[in-house]
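Okay, so here's the structure we're looking at.
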Amino acid sequence: MTMAHIEPVALNPTALPRDPSGPSAARKATVAAFIEAERRNAKRQVLINRALAAGFGVFVIAVWAIATMGGFVHALIIPTPMDTFWATGRVMSADYFWPNAWVTLQEIFWGFLIGALAGVILGIGVAMFGPVRATLYPYLVALQAPPKIVLAPIFITWFGFDMASKIAISVVMCFFPMFLNTLTGLSSVDPNAVKLMRSLTASRWQTFRYLLLPNALPIMMAGVKLCWTLAVLGVIVGEFVGASAGIGYLIYAMNFQLDIAGVFSLIILLSLFTLVIYNLIEAFEARIIFWSQL
Amino acid sequence: MTQSLIQGQNLSKVYGTATGPLVALDDVSFHIEEGEFISLVGPSGCGKSTLLSILGGLEAKTEGTLVVGGKHHDAPRADIGMMFQTSVLFPWRSIRENVRLPGLILGLDKRQQAQRSEELLDMVGLNGFGDRYPGELSGGMRQRVGLARLLAHDPRMLLMDEPFGALDEFTRETMNLELLRIWEKTRKTVIFVTHNIGEAVFLSDRVFVMTPRPGRLEGIVEIDLPRPRTTAMMRDPRYSELVFEIRRMLGVDH
């Protein structure tokens, strides 16, 4: 069979003409103006967003003020914003405030530190060592099942009314998220990255040090933040259940004396403290896992 | 007769699954010479990635013998470098630090590695990007870094599992030319997994054609196109013949 003769087609691709001198001055000016306008728009959007957030805050305080000062809610139930403000000053300048705050601060510090460290260490142990996983993992998960607040009265009995019992409650509250996030972080790794390390004949320690640990940091840092708020919660709960000093103890006492404005001011101070440290942790997080923003 | 660099005899890989044994690789035999560029080509499930994993020492074979460089082979070796479909760069390490990773792990001389990593970045066209981070680079650039890292500890054999499969057509072609240029210079033994027949023909000395269920080596096609290869050869009738020969072996021509 012979091939049918096909007339060759002259391929004549034509590129579109381009001005060798580049874009004209007028066009450059248009482009510059466009970019400038986009930049202004983005800036304006940021301002609008901030105004929205601030506006909402003002709105909430206004509703609060109208509800309390307008006599819709009794001052014994919710104090006015001004009363709360003055109460904050009164509480902070009272001679009982700082010793109590210092007690709570220490309890939170130790509870957070011990809980987080235990979480990291056991998380690494369970993630990296099969026998440790087999032995401990079922119990660690089972321990998570009961709400840990039920342990508070027992811990008071065991460790007394002083700091030790609050630290113990704080530790059991904040341990688990740190443990679980460490374990999850170390386990959620790209299988190809593990293959790469194996192909390079990396040791277990090298794989941990150069791949698993840095890879786990973002999830671990999320655990640290959870751990922090739970450590505070644990200490305050412990102080509610049985204490002779601390911010939780003060809140309880003031509530009993119907000093609701004082209670509000303590809640606000405690929240501010928790938030400041939380933001510090976030700032630290942004530094050590800088690559997530790239 | 001198011994081949890699000799596989009756290699099989069977996985035990819930529904019974699954034969991923069935009685595959071959030999590969030092400095050869081999492609493994075939559809998904043909066992090409399994074979590569076995060659890399990452997976154990079920049956058969595998001899690499005169030794029985069943564990990763520092003289075999591997590259995967994703670049697997560590985002917390700068580009330079990523290229130095193999040297770090193998405990190679730091000063020499520092110099070598710069040379390699130069070679893959990433001069000046050493201080950047993977998150700042495009997919093609990341695979270039992967290529530089692959060569960092100067392995004798390069096992590449669809290394450019996730890249767009234009970038992939550039990377293929890059790889050939590097191969011409270093003459390492390359085993390259792909499902792209044209790519396999364009790059290789020999193409191992594999068919699925169970994974078998259907045949080996010698690619007698001259070297160095150029993109113009894709117009060569011989190129089309070879592509269609492989298509026929795979049974994809109807």
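Identifiers for the structure tokens are assigned positionally: chains receive A, B, ... in sequence, residues are indexed from 1 per chain, and ligands are indexed from 1 in the order shown.
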Which residues of chain A come within 12 Å of chain B, and for each one, what is the closest pair of atoms and their distance in Å to one decimal, counting only C-alpha atoms, sorted by chain and residue number, as CSV?
```
residue,atom,partner,partner_atom,distance
A:Val189,CA,B:Val88,CA,10.7
A:Asp190,CA,B:Val88,CA,8.0
A:Pro191,CA,B:Val88,CA,9.5
A:Asn192,CA,B:Val88,CA,6.7
A:Ala193,CA,B:Val88,CA,5.6
A:Val194,CA,B:Val88,CA,9.4
A:Lys195,CA,B:Leu58,CA,7.2
A:Leu196,CA,B:Met82,CA,6.7
A:Met197,CA,B:Ile105,CA,8.6
A:Arg198,CA,B:Pro76,CA,6.7
A:Ser199,CA,B:Pro76,CA,5.1
A:Leu200,CA,B:Ala78,CA,5.8
A:Thr201,CA,B:Pro76,CA,6.0
A:Ala202,CA,B:Ile105,CA,6.0
A:Ser203,CA,B:Ile105,CA,8.3
A:Arg204,CA,B:Ile105,CA,11.1
A:Trp205,CA,B:Ile105,CA,10.5
A:Gln206,CA,B:Ile105,CA,7.0
A:Thr207,CA,B:Ile105,CA,9.1
A:Phe208,CA,B:Ile105,CA,11.9
A:Arg209,CA,B:Ile105,CA,10.6
A:Tyr210,CA,B:Leu101,CA,8.7
A:Leu211,CA,B:Phe90,CA,7.6
A:Leu212,CA,B:Phe90,CA,10.5
A:Leu213,CA,B:Trp92,CA,11.0
A:Pro214,CA,B:Trp92,CA,7.3
A:Asn215,CA,B:Trp92,CA,8.3
A:Ala216,CA,B:Trp92,CA,11.3
A:Leu217,CA,B:Trp92,CA,10.3
A:Pro218,CA,B:Trp92,CA,11.1
A:Arg287,CA,B:Trp92,CA,11.5
A:Ile288,CA,B:Trp92,CA,9.2
A:Ile289,CA,B:Trp92,CA,7.5
A:Phe290,CA,B:Trp92,CA,7.8
A:Trp291,CA,B:Trp92,CA,5.6
A:Ser292,CA,B:Gly135,CA,8.0
A:Gln293,CA,B:Gly135,CA,8.2
A:Leu294,CA,B:Gly135,CA,5.0
```
For the selection you just gave me, I'd like the residues written to a file as a compact mmCIF listing (two decimals), in the first residue's frame, keeping N, CA and C atoms.
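Produced file selection-v1.txt, reproduced below:
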```txt
# COMPACT_ATOMS: atom_id res chain seq x y z
N VAL A 189 3.62 12.72 59.33
CA VAL A 189 4.79 13.11 58.55
C VAL A 189 4.64 12.53 57.14
N ASP A 190 5.12 13.28 56.16
CA ASP A 190 5.08 12.84 54.76
C ASP A 190 5.84 11.52 54.63
N PRO A 191 5.17 10.44 54.20
CA PRO A 191 5.86 9.14 54.11
C PRO A 191 7.09 9.20 53.20
N ASN A 192 7.05 10.05 52.18
CA ASN A 192 8.21 10.19 51.30
C ASN A 192 9.42 10.78 52.04
N ALA A 193 9.14 11.67 53.00
CA ALA A 193 10.24 12.25 53.78
C ALA A 193 10.90 11.16 54.62
N VAL A 194 10.08 10.27 55.17
CA VAL A 194 10.63 9.16 55.95
C VAL A 194 11.45 8.25 55.05
N LYS A 195 10.92 8.00 53.83
CA LYS A 195 11.66 7.18 52.86
C LYS A 195 13.00 7.83 52.51
N LEU A 196 12.97 9.15 52.34
CA LEU A 196 14.21 9.86 52.02
C LEU A 196 15.24 9.65 53.12
N MET A 197 14.80 9.81 54.38
CA MET A 197 15.73 9.64 55.50
C MET A 197 16.25 8.20 55.53
N ARG A 198 15.37 7.25 55.29
CA ARG A 198 15.82 5.86 55.29
C ARG A 198 16.83 5.62 54.18
N SER A 199 16.53 6.19 52.99
CA SER A 199 17.43 5.96 51.86
C SER A 199 18.81 6.56 52.14
N LEU A 200 18.85 7.57 53.01
CA LEU A 200 20.15 8.18 53.35
C LEU A 200 20.80 7.45 54.52
N THR A 201 20.24 6.34 54.91
CA THR A 201 20.71 5.51 56.02
C THR A 201 20.75 6.29 57.34
N ALA A 202 19.75 7.17 57.51
CA ALA A 202 19.69 7.96 58.75
C ALA A 202 19.33 7.06 59.93
N SER A 203 19.92 7.35 61.09
CA SER A 203 19.59 6.60 62.30
C SER A 203 18.24 7.09 62.83
N ARG A 204 17.68 6.36 63.79
CA ARG A 204 16.41 6.78 64.39
C ARG A 204 16.53 8.16 65.01
N TRP A 205 17.63 8.37 65.69
CA TRP A 205 17.86 9.66 66.34
C TRP A 205 17.95 10.78 65.28
N GLN A 206 18.67 10.51 64.18
CA GLN A 206 18.78 11.53 63.13
C GLN A 206 17.42 11.83 62.51
N THR A 207 16.64 10.78 62.28
CA THR A 207 15.31 10.98 61.72
C THR A 207 14.45 11.82 62.66
N PHE A 208 14.58 11.55 63.96
CA PHE A 208 13.83 12.32 64.95
C PHE A 208 14.29 13.77 64.96
N ARG A 209 15.58 13.95 65.04
CA ARG A 209 16.17 15.27 65.21
C ARG A 209 15.99 16.17 63.97
N TYR A 210 16.18 15.59 62.78
CA TYR A 210 16.16 16.42 61.57
C TYR A 210 14.82 16.43 60.86
N LEU A 211 13.96 15.44 61.13
CA LEU A 211 12.69 15.40 60.41
C LEU A 211 11.49 15.44 61.36
N LEU A 212 11.35 14.42 62.22
CA LEU A 212 10.10 14.28 62.98
C LEU A 212 9.85 15.45 63.92
N LEU A 213 10.87 15.86 64.67
CA LEU A 213 10.66 16.90 65.65
C LEU A 213 10.32 18.25 65.00
N PRO A 214 11.16 18.75 64.09
CA PRO A 214 10.77 20.03 63.47
C PRO A 214 9.42 19.94 62.77
N ASN A 215 9.14 18.81 62.16
CA ASN A 215 7.87 18.62 61.47
C ASN A 215 6.69 18.69 62.44
N ALA A 216 6.93 18.26 63.70
CA ALA A 216 5.85 18.21 64.69
C ALA A 216 5.61 19.57 65.35
N LEU A 217 6.57 20.48 65.25
CA LEU A 217 6.50 21.73 66.01
C LEU A 217 5.19 22.51 65.84
N PRO A 218 4.68 22.69 64.62
CA PRO A 218 3.43 23.47 64.50
C PRO A 218 2.28 22.86 65.32
N ARG A 287 8.06 32.81 65.75
CA ARG A 287 9.52 32.82 65.57
C ARG A 287 10.06 31.44 65.26
N ILE A 288 9.61 30.43 66.03
CA ILE A 288 10.25 29.13 65.84
C ILE A 288 9.67 28.35 64.67
N ILE A 289 8.43 28.67 64.25
CA ILE A 289 7.95 28.00 63.04
C ILE A 289 7.72 29.02 61.94
N PHE A 290 8.75 29.84 61.76
CA PHE A 290 8.74 30.92 60.77
C PHE A 290 8.35 30.43 59.38
N TRP A 291 8.67 29.15 59.07
CA TRP A 291 8.51 28.67 57.70
C TRP A 291 7.04 28.52 57.30
N SER A 292 6.14 28.47 58.28
CA SER A 292 4.73 28.26 57.93
C SER A 292 4.16 29.50 57.24
N GLN A 293 4.84 30.64 57.38
CA GLN A 293 4.33 31.86 56.73
C GLN A 293 4.98 32.11 55.38
N LEU A 294 5.89 31.23 54.97
CA LEU A 294 6.59 31.46 53.71
C LEU A 294 5.74 31.00 52.53
```
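With distances restricted to only C-alpha atoms, B:Gly139 is the closest residue to Thr171 (chain B) from B:Gly219, B:Gly198, B:Gly20, B:Gly139.
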Next item on the list: Write out as a PyMOL selection string each polymer residue whose atoms come within 9 Å of Val172 (chain A), counting only C-alpha atoms; drop sequence neighbours fewer than 2 positions from it.
Entry: chain A and resi 111+115+148+151+167-170+174-176+231+234
Checklist line | CA of Ala232 (chain B) to CA of Gly146 (chain B), straight-line distance in Å | finding: 27.2 Å
Margin query: Which residues are close to Leu55 (chain B), i.e. within 10 Å by only C-alpha atoms, leaving aside same-chain residues fewer than 6 positions away? Reply as number ranges by chain.
Written below: B: 6, 8, 49, 61, 66-68, 73-76, 80, 157, 159, 191
Next item on the list: Can you pull out every residue within 9 Å of Leu180 (chain B), counting only C-alpha atoms, but drop anything in the same chain fewer than 3 positions away, and send it as a ChimeraX atom specification?
Entry: /B:175-177,183-185,203,228-229
Generate a file of the selected residues that holds N, CA, C and O atoms, formatted as a JSON list (two decimals), in the first residue's frame.
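Printed below is selection_18.json as written:
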```
[["chain", "number", "residue", "atom", "x", "y", "z"],
["B", 175, "MET", "N", 13.22, 20.09, 32.91],
["B", 175, "MET", "CA", 13.88, 19.27, 33.93],
["B", 175, "MET", "C", 14.50, 18.02, 33.31],
["B", 175, "MET", "O", 15.58, 17.59, 33.72],
["B", 176, "ASN", "N", 13.82, 17.44, 32.32],
["B", 176, "ASN", "CA", 14.37, 16.27, 31.64],
["B", 176, "ASN", "C", 15.69, 16.60, 30.96],
["B", 176, "ASN", "O", 16.66, 15.83, 31.04],
["B", 177, "LEU", "N", 15.72, 17.76, 30.28],
["B", 177, "LEU", "CA", 16.95, 18.16, 29.62],
["B", 177, "LEU", "C", 18.06, 18.40, 30.64],
["B", 177, "LEU", "O", 19.21, 18.02, 30.45],
["B", 183, "TRP", "N", 23.45, 13.97, 33.72],
["B", 183, "TRP", "CA", 23.81, 12.56, 33.53],
["B", 183, "TRP", "C", 24.99, 12.42, 32.58],
["B", 183, "TRP", "O", 25.89, 11.62, 32.80],
["B", 184, "GLU", "N", 24.96, 13.21, 31.48],
["B", 184, "GLU", "CA", 26.08, 13.16, 30.53],
["B", 184, "GLU", "C", 27.39, 13.50, 31.23],
["B", 184, "GLU", "O", 28.44, 12.92, 30.94],
["B", 185, "LYS", "N", 27.30, 14.45, 32.16],
["B", 185, "LYS", "CA", 28.49, 14.91, 32.86],
["B", 185, "LYS", "C", 28.99, 13.88, 33.88],
["B", 185, "LYS", "O", 30.18, 13.68, 34.02],
["B", 203, "LEU", "N", 14.66, 9.84, 27.42],
["B", 203, "LEU", "CA", 15.76, 9.87, 28.39],
["B", 203, "LEU", "C", 16.69, 8.66, 28.32],
["B", 203, "LEU", "O", 17.89, 8.79, 28.55],
["B", 228, "PRO", "N", 24.28, 13.17, 22.46],
["B", 228, "PRO", "CA", 23.29, 13.65, 23.41],
["B", 228, "PRO", "C", 21.92, 13.87, 22.75],
["B", 228, "PRO", "O", 21.85, 14.27, 21.59],
["B", 229, "ARG", "N", 20.90, 13.62, 23.49],
["B", 229, "ARG", "CA", 19.53, 13.77, 22.98],
["B", 229, "ARG", "C", 19.15, 15.25, 22.93],
["B", 229, "ARG", "O", 19.55, 16.02, 23.80]]
```
Next item on the list: Have a look at CA of Glu34 (chain B) and CA of Gly69 (chain B) and let me know their distance in Å, one decimal.
Entry: 9.2 Å
Notebook entry, point to check: as an MDAnalysis selection string, which residues of region 26-146 of chain B does DSSP assign to alpha helix (DSSP H)?
Noted result: chainID B and resid 48:55 95:99 101:106 110:123 139:146
Item checked: Residues near Met249 (chain B), cut-off 12 Å, only C-alpha atoms, skip fewer than 2 positions along chain, as a ChimeraX atom specification -> /B:41-43,197,207-211,216-221,242-247,251-254
Please save N, CA and C atoms of the selected residues as a compact mmCIF listing (two decimals), in the first residue's frame.
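Full text of again.txt as output:
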```txt
# COMPACT_ATOMS: atom_id res chain seq x y z
N VAL B 41 8.66 1.82 32.86
CA VAL B 41 7.45 2.49 32.41
C VAL B 41 6.29 1.50 32.43
N GLY B 42 5.13 2.02 32.76
CA GLY B 42 3.94 1.17 32.83
C GLY B 42 2.84 1.90 33.58
N PRO B 43 1.61 1.37 33.48
CA PRO B 43 0.48 2.00 34.17
C PRO B 43 0.54 1.75 35.68
N ILE B 197 5.44 7.51 28.39
CA ILE B 197 6.25 6.72 27.45
C ILE B 197 7.25 7.59 26.71
N VAL B 207 14.43 0.83 28.07
CA VAL B 207 13.18 1.03 28.78
C VAL B 207 12.65 -0.33 29.21
N PHE B 208 12.41 -0.48 30.51
CA PHE B 208 11.77 -1.69 31.03
C PHE B 208 10.27 -1.47 30.98
N VAL B 209 9.58 -2.25 30.15
CA VAL B 209 8.14 -2.08 30.00
C VAL B 209 7.43 -3.02 30.96
N MET B 210 6.59 -2.47 31.83
CA MET B 210 5.95 -3.28 32.87
C MET B 210 4.44 -3.26 32.75
N THR B 211 3.80 -4.39 33.00
CA THR B 211 2.34 -4.50 32.89
C THR B 211 1.76 -4.91 34.25
N ARG B 216 4.52 -7.32 36.03
CA ARG B 216 5.49 -8.15 35.29
C ARG B 216 6.36 -7.27 34.42
N LEU B 217 7.56 -7.76 34.17
CA LEU B 217 8.42 -7.10 33.20
C LEU B 217 8.08 -7.70 31.84
N GLU B 218 7.36 -6.93 31.03
CA GLU B 218 6.83 -7.41 29.75
C GLU B 218 7.95 -7.54 28.72
N GLY B 219 8.88 -6.60 28.79
CA GLY B 219 9.99 -6.64 27.84
C GLY B 219 10.90 -5.45 28.05
N ILE B 220 12.04 -5.49 27.38
CA ILE B 220 13.01 -4.41 27.51
C ILE B 220 13.26 -3.85 26.12
N VAL B 221 13.13 -2.54 25.97
CA VAL B 221 13.31 -1.91 24.66
C VAL B 221 14.61 -1.10 24.66
N LEU B 242 9.67 3.82 18.42
CA LEU B 242 9.96 3.26 19.75
C LEU B 242 8.78 3.48 20.69
N VAL B 243 8.21 4.70 20.61
CA VAL B 243 7.04 5.00 21.47
C VAL B 243 5.92 4.02 21.15
N PHE B 244 5.70 3.78 19.86
CA PHE B 244 4.58 2.90 19.49
C PHE B 244 4.88 1.44 19.78
N GLU B 245 6.16 1.07 19.71
CA GLU B 245 6.55 -0.27 20.11
C GLU B 245 6.19 -0.53 21.58
N ILE B 246 6.49 0.47 22.41
CA ILE B 246 6.20 0.33 23.84
C ILE B 246 4.69 0.34 24.07
N ARG B 247 3.99 1.21 23.34
CA ARG B 247 2.52 1.24 23.46
C ARG B 247 1.93 -0.13 23.12
N GLY B 251 -0.16 -2.80 25.36
CA GLY B 251 -1.53 -3.08 24.93
C GLY B 251 -2.43 -1.87 24.99
N VAL B 252 -1.87 -0.69 24.77
CA VAL B 252 -2.71 0.49 24.80
C VAL B 252 -3.10 0.96 23.39
N ASP B 253 -2.67 0.21 22.36
CA ASP B 253 -3.11 0.55 21.00
C ASP B 253 -4.24 -0.38 20.60
N HIS B 254 -5.32 0.18 20.14
CA HIS B 254 -6.48 -0.65 19.84
C HIS B 254 -6.84 -0.57 18.35
```
Next item on the list: Within 7 Å of region 106-108 of chain A, counting only C-alpha atoms, which residues show up once you throw out same-chain ones fewer than 2 positions away? Write them as a count of residues only, please.
Entry: 12
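Interatomic distance, CA of Val145 (chain B) to CA of Leu158 (chain B): 15.0 Å.
Proximity ranking of A:Phe273, A:Phe159, A:Tyr278, A:Tyr249 relative to Leu226 (chain A) places A:Tyr278 first, based on only C-alpha atoms.
Minimum atom-to-atom distances from A:Thr80, A:Ala127, A:Asn41, A:Ile149 to Ser188 (chain A) were compared using only C-alpha atoms, and the lowest value belongs to A:Ala127.
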